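As provided, work10.txt (compact mmCIF, C-alpha atoms) reads as follows.
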# COMPACT_ATOMS: atom_id res chain seq x y z
CA MET A 1 -9.29 -22.20 -5.23
CA ILE A 2 -7.07 -19.36 -6.48
CA ASP A 3 -4.15 -20.34 -8.68
CA TYR A 4 -0.96 -18.38 -7.96
CA SER A 5 1.27 -20.59 -10.10
CA ASN A 6 1.95 -17.67 -12.47
CA ILE A 7 2.76 -15.13 -9.75
CA SER A 8 6.43 -15.16 -10.81
CA SER A 9 5.52 -13.73 -14.21
CA SER A 10 3.75 -10.78 -12.54
CA ILE A 11 6.71 -10.19 -10.23
CA ASP A 12 9.22 -10.46 -13.08
CA PHE A 13 7.19 -7.95 -15.10
CA ILE A 14 7.23 -5.47 -12.21
CA LYS A 15 10.98 -6.04 -11.74
CA TYR A 16 11.55 -5.40 -15.46
CA TYR A 17 10.07 -1.93 -14.90
CA GLY A 18 12.32 -1.27 -11.92
CA GLY A 19 10.61 -3.11 -9.05
CA ILE A 20 8.84 -1.48 -6.13
CA CYS A 21 10.76 1.21 -4.26
CA VAL A 22 10.21 1.16 -0.49
CA LEU A 23 10.99 4.52 1.10
CA ASP A 24 12.66 3.76 4.40
CA THR A 25 13.21 6.14 7.33
CA GLN A 26 13.55 3.43 9.98
CA GLN A 27 16.69 1.63 8.77
CA ASP A 28 15.07 -1.82 9.09
CA SER A 29 11.52 -1.31 7.85
CA SER A 30 11.91 -3.93 5.11
CA MET A 31 12.24 -6.59 7.80
CA ASP A 32 9.44 -5.13 9.87
CA PHE A 33 7.02 -5.41 6.98
CA GLY A 34 8.08 -8.82 5.72
CA LEU A 35 9.18 -7.43 2.38
CA LYS A 36 12.22 -9.70 2.29
CA ASP A 37 10.03 -12.79 2.46
CA SER A 38 10.95 -15.25 -0.29
CA MET A 39 7.34 -15.20 -1.50
CA TYR A 40 7.99 -11.72 -2.94
CA GLN A 41 11.10 -12.77 -4.91
CA ASN A 42 13.12 -9.58 -4.28
CA VAL A 43 10.64 -7.29 -6.01
CA PHE A 44 11.18 -4.62 -3.33
CA ILE A 45 14.10 -2.18 -3.33
CA ASN A 46 14.80 -0.28 -0.12
CA VAL A 47 15.80 3.38 -0.46
CA ASP A 48 16.91 5.57 2.44
CA ALA A 49 14.35 8.36 2.16
CA TYR A 50 16.62 10.86 3.91
CA GLU A 51 19.23 10.40 1.19
CA GLY A 52 17.33 9.32 -1.90
CA LEU A 53 13.71 10.46 -1.78
CA GLU A 54 13.87 12.95 -4.63
CA SER A 55 15.84 10.70 -6.98
CA ALA A 56 13.48 7.79 -6.20
CA PHE A 57 10.49 9.86 -7.27
CA LEU A 58 11.97 11.87 -10.14
CA GLY A 59 15.24 10.19 -11.08
CA ASP A 60 18.63 11.84 -11.52
CA SER A 61 21.46 12.09 -14.05
CA LEU A 62 22.28 8.40 -13.63
CA LYS A 63 18.88 6.72 -13.70
CA GLU A 64 15.16 7.20 -14.07
CA GLY A 65 12.85 7.40 -11.08
CA PHE A 66 10.78 4.39 -10.02
CA LYS A 67 7.39 3.62 -11.52
CA ILE A 68 5.99 2.24 -8.22
CA ILE A 69 6.80 3.63 -4.77
CA LEU A 70 5.62 2.21 -1.44
CA ILE A 71 5.22 4.37 1.65
CA PRO A 72 5.25 2.02 4.66
CA SER A 73 3.57 2.69 7.98
CA GLY A 74 5.82 4.52 10.41
CA ILE A 75 7.60 6.65 7.81
CA ASP A 76 8.68 10.18 8.68
CA GLN A 77 5.67 12.12 7.43
CA VAL A 78 7.28 15.49 8.13
CA LEU A 79 9.87 14.54 5.50
CA LEU A 80 7.08 13.64 3.08
CA TYR A 81 5.29 16.91 3.80
CA HIS A 82 8.44 18.88 3.00
CA HIS A 83 8.66 17.02 -0.32
CA LYS A 84 4.97 17.04 -1.23
CA GLU A 85 5.68 18.91 -4.47
CA VAL A 86 8.10 16.15 -5.51
CA ILE A 87 5.41 13.55 -4.76
CA ALA A 88 2.88 15.56 -6.77
CA LYS A 89 5.27 15.69 -9.77
CA PHE A 90 5.77 11.92 -9.59
CA LEU A 91 2.03 11.37 -9.68
CA ASP A 92 1.45 13.93 -12.42
CA LYS A 93 3.92 11.95 -14.55
CA GLY A 94 1.70 8.87 -14.10
CA GLY A 95 3.49 7.20 -11.20
CA ILE A 96 1.93 4.58 -8.93
CA LEU A 97 2.04 5.37 -5.21
CA LEU A 98 1.17 2.86 -2.50
CA SER A 99 0.69 4.20 1.03
CA PHE A 100 0.11 2.01 4.08
CA THR A 101 0.50 4.81 6.59
CA GLN A 102 -1.88 6.64 8.92
CA ASN A 103 -1.66 10.07 7.33
CA TYR A 104 -1.50 12.94 9.80
CA LYS A 105 0.22 15.44 7.47
CA GLU A 106 -1.12 16.74 4.16
CA TRP A 107 1.44 15.25 1.78
CA LEU A 108 -0.78 12.88 -0.25
CA PRO A 109 -3.05 14.43 -2.92
CA GLY A 110 -6.72 13.77 -2.33
CA ASN A 111 -6.25 12.25 1.14
CA SER A 112 -8.50 13.38 4.00
CA LEU A 113 -6.04 12.41 6.79
CA TYR A 114 -6.41 9.45 9.12
CA ILE A 115 -9.35 9.27 11.53
CA VAL A 116 -9.32 6.92 14.51
CA SER A 117 -12.46 4.79 14.56
CA GLU A 118 -14.84 5.40 17.45
CA ILE A 119 -16.00 1.79 17.34
CA PRO A 120 -14.47 -0.23 20.22
CA LEU A 121 -11.77 -2.55 18.87
CA LYS A 122 -13.58 -5.67 20.03
CA SER A 123 -16.67 -4.63 18.03
CA ARG A 124 -14.99 -3.34 14.87
CA ARG A 125 -14.91 -5.51 11.77
CA ILE A 126 -12.88 -5.04 8.59
CA LEU A 127 -14.81 -5.97 5.45
CA THR A 128 -13.59 -6.68 1.93
CA CYS A 129 -15.28 -5.10 -1.07
CA LYS A 130 -15.43 -6.90 -4.38
CA HIS A 131 -12.08 -6.13 -5.98
CA PRO A 132 -9.13 -8.05 -7.49
CA ILE A 133 -6.95 -7.11 -4.49
CA THR A 134 -9.32 -8.76 -1.99
CA ARG A 135 -10.10 -11.83 -4.07
CA GLY A 136 -10.31 -14.91 -1.87
CA VAL A 137 -9.65 -12.96 1.36
CA LYS A 138 -11.99 -13.67 4.27
CA ASP A 139 -13.19 -10.78 6.41
CA TYR A 140 -12.43 -12.77 9.56
CA ASP A 141 -8.76 -13.11 8.61
CA ILE A 142 -8.18 -9.35 8.37
CA THR A 143 -10.32 -8.53 11.40
CA TYR A 144 -8.71 -11.01 13.80
CA ARG A 145 -5.20 -12.21 14.45
CA ARG A 146 -5.18 -15.18 16.81
CA GLY A 147 -8.60 -14.11 18.06
CA VAL A 148 -7.65 -10.46 18.73
CA CYS A 149 -8.98 -7.46 16.78
CA GLY A 150 -7.16 -4.27 15.78
CA PHE A 151 -3.87 -5.41 14.26
CA PHE A 152 -4.85 -4.70 10.64
CA SER A 153 -6.26 -1.18 10.95
CA ARG A 154 -7.76 0.98 13.68
CA GLY A 155 -8.99 3.90 11.62
CA TYR A 156 -10.34 5.11 8.31
CA PHE A 157 -10.30 7.85 5.66
CA ASN A 158 -13.00 9.89 4.00
CA PRO A 159 -12.13 8.76 0.46
CA PRO A 160 -11.61 11.11 -2.49
CA LYS A 161 -14.44 11.54 -4.95
CA ASN A 162 -14.81 8.60 -7.36
CA ALA A 163 -12.29 6.48 -5.43
CA GLU A 164 -12.49 2.69 -5.68
CA ILE A 165 -13.01 1.41 -2.13
CA PHE A 166 -11.66 -2.11 -1.63
CA LEU A 167 -11.69 -2.25 2.20
CA LYS A 168 -14.14 -0.78 4.70
CA ASP A 169 -15.26 -1.33 8.28
CA ASN A 170 -18.64 -2.29 9.72
CA ALA A 171 -19.59 1.40 9.99
CA ASP A 172 -19.14 1.65 6.21
CA CYS A 173 -16.01 3.79 6.60
CA CYS A 174 -13.20 3.49 4.06
CA VAL A 175 -10.11 1.52 5.15
CA GLY A 176 -8.52 1.19 1.69
CA TYR A 177 -9.06 3.02 -1.59
CA ILE A 178 -7.62 3.57 -5.07
CA ASP A 179 -7.64 7.11 -6.43
CA ARG A 180 -7.17 7.70 -10.16
CA ASP A 181 -8.77 11.15 -10.31
CA SER A 182 -6.81 13.44 -7.97
CA THR A 183 -3.67 13.21 -10.16
CA ASN A 184 -2.52 11.71 -13.46
CA GLY A 185 -1.09 8.79 -11.50
CA MET A 186 -2.64 6.12 -9.30
CA ILE A 187 -2.76 6.24 -5.52
CA LEU A 188 -3.53 3.20 -3.38
CA SER A 189 -3.93 4.21 0.25
CA THR A 190 -4.87 2.22 3.34
CA ALA A 191 -5.56 3.47 6.85
CA GLY A 192 -2.49 1.81 8.33
CA ALA A 193 -3.16 -1.61 6.81
CA ASP A 194 -0.03 -3.35 5.51
CA LEU A 195 -1.25 -5.37 2.54
CA PHE A 196 2.11 -7.05 1.95
CA GLY A 197 3.09 -7.93 5.49
CA TYR A 198 -0.05 -8.57 7.52
CA GLY A 199 -0.78 -12.14 6.48
CA LEU A 200 2.75 -13.44 6.04
CA PHE A 201 3.08 -15.13 9.39
CA GLU A 202 -0.42 -16.56 9.59
CA GLN A 203 -1.95 -19.56 7.87
CA SER A 204 -4.93 -17.58 6.63
CA THR A 205 -6.38 -16.00 3.52
CA ALA A 206 -4.88 -12.63 4.54
CA LYS A 207 -1.66 -13.76 2.83
CA ARG A 208 -3.49 -13.42 -0.49
CA LEU A 209 -3.59 -9.62 -0.18
CA GLY A 210 0.07 -9.21 -1.08
CA LEU A 211 -0.04 -11.68 -3.96
CA ASN A 212 -3.26 -10.21 -5.33
CA LEU A 213 -1.78 -6.73 -5.13
CA LEU A 214 1.29 -7.75 -7.12
CA ILE A 215 -0.87 -9.27 -9.85
CA TYR A 216 -2.98 -6.11 -9.88
CA LEU A 217 0.09 -3.84 -10.05
CA ALA A 218 1.53 -5.79 -12.97
CA LYS A 219 -1.72 -5.18 -14.83
CA ILE A 220 -1.65 -1.45 -14.02
CA VAL A 221 1.99 -1.11 -15.11
CA LYS A 222 1.15 -2.84 -18.39
CA GLU A 223 -1.70 -0.36 -18.96
CA ARG A 224 0.32 2.73 -18.05
CA PHE A 225 3.83 2.09 -19.31
Representation of the structure as structure tokens:
Amino acid sequence: MIDYSNISSSIDFIKYYGGICVLDTQQDSSMDFGLKDSMYQNVFINVDAYEGLESAFLGDSLKEGFKIILIPSGIDQVLLYHHKEVIAKFLDKGGILLSFTQNYKEWLPGNSLYIVSEIPLKSRRILTCKHPITRGVKDYDITYRRGVCGFFSRGYFNPPKNAEIFLKDNADCCVGYIDRDSTNGMILSTAGADLFGYGLFEQSTAKRLGLNLLIYLAKIVKERF
């Protein structure tokens, strides 16, 4: 049994360092991804990427940039591509970047771009690797939703060298990785898998992904800042 009774301390610590910026190009993506769920205690701060992308990453005359930035699935990747130098500067300063999107443009350092799995959906399985983020999460709960496969992720990446792989499929392809070598920062990237939102509306262990990730991020922030 995993004890999440101290999750508030991890969330408060992240909020003390500015919270998690969610770059939004869809007006309502925070609702789409469940980020306003009470379980997350307002740790997420939505920023209109068309208006505030550069200041979110690098800060401006009024405030510092964020320490943690989340790129949700469905974001305008052309916008990210046009600002890839800004993203690189953020990471070179030690920033933490979370990406849940299916990369088709070369905006993320070290990323190989998204590849659609050739395994038929009904035969594909998502598997957890031993890692704090996947602690207590059952493979079944991220492979199936109400008996149907494919909602969590339908593709994979070729991970950067020395990346920590925390999710893979049954062809041993990488579905989620952490990259500490491509930049001075930390990149967590999944092949379209929403770690915060996927399990919110199910009574399954998938809900632990978001909580585990917050605990993990608090630890990383403490180490870096």
| task | Excluding Leu211 of chain A and any residue of its chain fewer than 2 positions from it, enumerate the residues within 9 Å of it, using all atoms listed in the file, and give them as a ChimeraX atom specification. | result | /A:4,7,39-40,133,196,207-209,213-216
Write to file, as a PDB file, keeping the file's coordinate frame, the residues of the selection just made, with C-alpha atoms.
ATOM      1  CA  TYR A   4      -0.960 -18.380  -7.960  1.00  0.00           C
ATOM      2  CA  ILE A   7       2.760 -15.130  -9.750  1.00  0.00           C
ATOM      3  CA  MET A  39       7.340 -15.200  -1.500  1.00  0.00           C
ATOM      4  CA  TYR A  40       7.990 -11.720  -2.940  1.00  0.00           C
ATOM      5  CA  ILE A 133      -6.950  -7.110  -4.490  1.00  0.00           C
ATOM      6  CA  PHE A 196       2.110  -7.050   1.950  1.00  0.00           C
ATOM      7  CA  LYS A 207      -1.660 -13.760   2.830  1.00  0.00           C
ATOM      8  CA  ARG A 208      -3.490 -13.420  -0.490  1.00  0.00           C
ATOM      9  CA  LEU A 209      -3.590  -9.620  -0.180  1.00  0.00           C
ATOM     10  CA  LEU A 213      -1.780  -6.730  -5.130  1.00  0.00           C
ATOM     11  CA  LEU A 214       1.290  -7.750  -7.120  1.00  0.00           C
ATOM     12  CA  ILE A 215      -0.870  -9.270  -9.850  1.00  0.00           C
ATOM     13  CA  TYR A 216      -2.980  -6.110  -9.880  1.00  0.00           C
TER      14      TYR A 216
END
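In this comparison, which uses only C-alpha atoms, the residue of A:Thr101, A:Gln77, A:Asn162, A:Asn170 approaching Glu118 of chain A most closely is A:Asn170.
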| said: My list of candidates is A:Thr205, A:Thr183, A:Gln41, A:Ser99. Which is closest to Ser10 of chain A when distances are computed with all atoms listed in the file? | reply: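 Among the listed residues, A:Gln41 lies closest to Ser10 of chain A.
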| task | Mind listing whatever residues come within 7 Å of the point (-0.8, -13.2, 14.6)? Use all atoms listed in the file, file coordinates, and give them as a ChimeraX atom specification. | result | /A:145-146,201-202
| remark: What separates atom CA of Phe166 of chain A and atom CA of Lys84 of chain A is a distance of 25.4 Å
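The spacing separating atom CA of Arg180 of chain A from atom CA of Lys63 of chain A amounts to 26.3 Å.
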| field | Length of the atom CA of Lys89 of chain A to atom CA of Leu62 of chain A vector [Å] | value | 18.9 Å
| For Phe13 of chain A, the nearest of the candidates A:Asp179, A:Leu70, A:Thr143, A:Val43, counting all atoms listed in the file | A:Val43
| query | Pick from A:Tyr140, A:Phe57, A:Phe225, A:Tyr81: nearest to Leu97 of chain A, with all atoms listed in the file counted? | reply | A:Phe57
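Proximity ranking of A:Leu108, A:Leu121, A:Cys129, A:Leu195 relative to Glu164 of chain A places A:Cys129 first, based on all atoms listed in the file.
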| field | Exercise: Gly34 of chain A partners within 12 Å, all atoms listed in the file, chain neighbours under 2 positions left out, as a list of chain:residue names | value | A:Val22, A:Asp28, A:Ser29, A:Ser30, A:Met31, A:Asp32, A:Lys36, A:Asp37, A:Ser38, A:Met39, A:Tyr40, A:Gln41, A:Asn42, A:Phe44, A:Pro72, A:Asp194, A:Leu195, A:Phe196, A:Gly197, A:Tyr198, A:Gly199, A:Leu200, A:Phe201, A:Lys207, A:Gly210
